[in-house]
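A.B. asks: Starting off with a structure, shown below.
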Amino acid sequence: TVLSYNGTRKIMRIPAEMDGYEVKTIAADAFLGNETIRRVFLPNTVNQIGDWAFAACTNLREININNAEEQVVLGGGWKPSYTEVMFAQ
C-alpha cells in the first residue's frame with residue numbers, strides 16, 4: 001500500500017513492489033493536495049485506489065492504470081483536475 005507521498009516529482013511511477021511487498025492499494029488521501037505531480041503511472045498490481053487519493057492535485061493531468069484484466073476499485077473524491085484516466089489494453 002502506498003500510504004502517502006509529499007515529494008516534488010512531476011511524473012510518478014509507482015513500482016509493483018516496495019520493500020518486498022506487492023503494491024495493491026493507493027491509500028485514501030495518499031497524494032491529497034500534491035501540487036507538483038502531473039502524471040501518475042500505476043502498475044498492474046494495483047486494484048484499489050482509496051477515497052480522495054488524488055484530490056486537490058491541481059496540476060495532475062493523467063493517471064495511467066496499467067490494469068486491463070481486473071477491475072480497479074476507485075474510492076470517492078474523483079472530481080479531478082486531470083483530463084485523462086487511462087486503462088492500458
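Note on naming: chains are A, B, ... as they come in the C-alpha cells, residues start from 1 per chain, ligands start from 1 in the order shown.
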Do you know which residues are at most 9 Å from A:Ala28 counting only C-alpha atoms, after dropping those on the same chain fewer than 4 positions away, and could you put them as a list of chain:residue names?
C.D. replies: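 The residues satisfying every condition are A:Leu3, A:Ser4, A:Leu32, A:Ile49, A:Gly50, A:Asp51, A:Trp52, A:Ala53, A:Phe54, A:Gly75, A:Gly76.
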A.B. asks: Suppose we keep N, CA, C and O atoms; can you now write the selection as a PDB file, in the first residue's frame?
C.D. replies:
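Final file, out25.pdb:
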```
ATOM      1  N   LEU A   3       0.946   4.729   1.204  1.00  0.00           N
ATOM      2  CA  LEU A   3       0.214   5.458   2.240  1.00  0.00           C
ATOM      3  C   LEU A   3       0.204   6.961   2.006  1.00  0.00           C
ATOM      4  O   LEU A   3      -0.810   7.624   2.238  1.00  0.00           O
ATOM      5  N   SER A   4       1.336   7.513   1.573  1.00  0.00           N
ATOM      6  CA  SER A   4       1.399   8.949   1.326  1.00  0.00           C
ATOM      7  C   SER A   4       2.617   9.283   0.483  1.00  0.00           C
ATOM      8  O   SER A   4       3.556   8.497   0.387  1.00  0.00           O
ATOM      9  N   LEU A  32      -3.119  13.537  -1.652  1.00  0.00           N
ATOM     10  CA  LEU A  32      -4.014  14.675  -1.420  1.00  0.00           C
ATOM     11  C   LEU A  32      -3.265  16.005  -1.376  1.00  0.00           C
ATOM     12  O   LEU A  32      -2.328  16.175  -0.607  1.00  0.00           O
ATOM     13  N   ILE A  49      -7.962   2.096  -5.312  1.00  0.00           N
ATOM     14  CA  ILE A  49      -7.497   3.463  -5.086  1.00  0.00           C
ATOM     15  C   ILE A  49      -8.441   4.078  -4.063  1.00  0.00           C
ATOM     16  O   ILE A  49      -9.650   4.170  -4.292  1.00  0.00           O
ATOM     17  N   GLY A  50      -7.887   4.490  -2.927  1.00  0.00           N
ATOM     18  CA  GLY A  50      -8.687   4.974  -1.819  1.00  0.00           C
ATOM     19  C   GLY A  50      -9.337   6.322  -2.051  1.00  0.00           C
ATOM     20  O   GLY A  50      -8.989   7.067  -2.969  1.00  0.00           O
ATOM     21  N   ASP A  51     -10.285   6.630  -1.183  1.00  0.00           N
ATOM     22  CA  ASP A  51     -11.007   7.898  -1.235  1.00  0.00           C
ATOM     23  C   ASP A  51     -10.038   9.071  -1.218  1.00  0.00           C
ATOM     24  O   ASP A  51      -9.096   9.096  -0.436  1.00  0.00           O
ATOM     25  N   TRP A  52     -10.273  10.019  -2.084  1.00  0.00           N
ATOM     26  CA  TRP A  52      -9.537  11.273  -2.145  1.00  0.00           C
ATOM     27  C   TRP A  52      -8.033  11.091  -2.367  1.00  0.00           C
ATOM     28  O   TRP A  52      -7.243  11.966  -2.060  1.00  0.00           O
ATOM     29  N   ALA A  53      -7.641   9.943  -2.908  1.00  0.00           N
ATOM     30  CA  ALA A  53      -6.216   9.648  -3.105  1.00  0.00           C
ATOM     31  C   ALA A  53      -5.508  10.706  -3.940  1.00  0.00           C
ATOM     32  O   ALA A  53      -4.344  11.015  -3.690  1.00  0.00           O
ATOM     33  N   PHE A  54      -6.198  11.258  -4.924  1.00  0.00           N
ATOM     34  CA  PHE A  54      -5.587  12.265  -5.799  1.00  0.00           C
ATOM     35  C   PHE A  54      -6.348  13.593  -5.768  1.00  0.00           C
ATOM     36  O   PHE A  54      -6.182  14.426  -6.646  1.00  0.00           O
ATOM     37  N   GLY A  75     -12.010   4.887  -5.152  1.00  0.00           N
ATOM     38  CA  GLY A  75     -12.666   5.478  -3.998  1.00  0.00           C
ATOM     39  C   GLY A  75     -13.355   6.783  -4.352  1.00  0.00           C
ATOM     40  O   GLY A  75     -13.352   7.217  -5.497  1.00  0.00           O
ATOM     41  N   GLY A  76     -13.947   7.427  -3.365  1.00  0.00           N
ATOM     42  CA  GLY A  76     -14.648   8.688  -3.574  1.00  0.00           C
ATOM     43  C   GLY A  76     -13.690   9.830  -3.844  1.00  0.00           C
ATOM     44  O   GLY A  76     -12.482   9.697  -3.728  1.00  0.00           O
TER      45      GLY A  76
END
```
A.B. asks: Measure the distance from atom CA of A:Thr45 to atom CA of A:Ile14 in Å and round it to one decimal.
C.D. replies: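 Calculated distance between atom CA of A:Thr45 and atom CA of A:Ile14 is 10.1 Å.
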A.B. asks: What is the atom CA of A:Gly33 to atom CA of A:Leu60 distance in Å?
C.D. replies: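 So the answer is 10.2 Å.
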A.B. asks: A:Arg39: which residues within 7 Å, counting only C-alpha atoms, same-chain residues fewer than 3 positions away excluded, as a ChimeraX atom specification?
C.D. replies: /A:10-12,60-63
A.B. asks: Stretch 19-76 of chain A: which residues are strand (DSSP E) by DSSP, as a compact mmCIF listing (two decimals) with C-alpha atoms, in the first residue's frame?
C.D. replies:
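Output contents, as saved in states.txt:
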```txt
# COMPACT_ATOMS: atom_id res chain seq x y z
CA TYR A 21 5.69 -6.30 -0.73
CA GLU A 22 3.39 -6.16 -3.74
CA THR A 25 -3.57 -0.24 -2.92
CA ILE A 26 -3.19 3.51 -3.09
CA ARG A 39 1.29 12.25 -14.47
CA VAL A 40 0.91 9.05 -12.44
CA PHE A 41 1.61 5.54 -13.71
CA LEU A 42 0.24 2.66 -11.63
CA GLN A 48 -7.84 -0.31 -5.32
CA ILE A 49 -7.50 3.46 -5.09
CA GLU A 62 -3.16 11.97 -16.33
CA ILE A 63 -3.44 8.76 -14.35
CA ASN A 64 -2.40 5.67 -16.28
CA ILE A 65 -3.69 2.46 -14.74
CA VAL A 73 -11.98 -0.01 -7.37
CA LEU A 74 -11.95 3.77 -7.29
```
A.B. asks: What lies within 9 Å of A:Glu35 using only C-alpha atoms, ignoring chain neighbours under 5 positions off, as a list of chain:residue names?
C.D. replies: A:Thr8, A:Ala56, A:Cys57, A:Thr58, A:Asn59, A:Leu60
A.B. asks: Within 9 Å of A:Gly7, counting only C-alpha atoms, which residues qualify if same-chain residues fewer than 2 places away don't, as a short mmCIF file (atom, residue, chain, number, x, y, z; two decimals) with N, CA, C and O atoms, in the first residue's frame?
C.D. replies:
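The result, written out as result-v3.cif:
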```cif
data_model
loop_
_atom_site.label_atom_id
_atom_site.label_comp_id
_atom_site.auth_asym_id
_atom_site.auth_seq_id
_atom_site.Cartn_x
_atom_site.Cartn_y
_atom_site.Cartn_z
N TYR A 5 2.56 10.47 -0.10
CA TYR A 5 3.69 10.97 -0.88
C TYR A 5 3.68 12.49 -0.79
O TYR A 5 2.66 13.13 -1.08
N ARG A 9 8.23 15.22 -7.45
CA ARG A 9 8.33 14.69 -8.81
C ARG A 9 7.10 15.10 -9.63
O ARG A 9 5.99 15.09 -9.14
N ASN A 34 -1.17 17.36 -3.41
CA ASN A 34 0.15 17.49 -4.03
C ASN A 34 0.02 18.35 -5.28
O ASN A 34 -0.73 18.02 -6.20
N THR A 36 2.56 19.26 -7.37
CA THR A 36 3.63 19.12 -8.37
C THR A 36 3.41 17.98 -9.35
O THR A 36 3.83 18.11 -10.51
N ILE A 37 2.79 16.88 -8.94
CA ILE A 37 2.67 15.76 -9.88
C ILE A 37 1.72 16.11 -11.03
O ILE A 37 0.69 16.73 -10.85
#
```
A.B. asks: Can you work out the spacing between atom CA of A:Ala55 and atom CA of A:Ala27 in Å, to one decimal?
C.D. replies: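 Straight-line distance from atom CA of A:Ala55 to atom CA of A:Ala27 works out to 12.0 Å.
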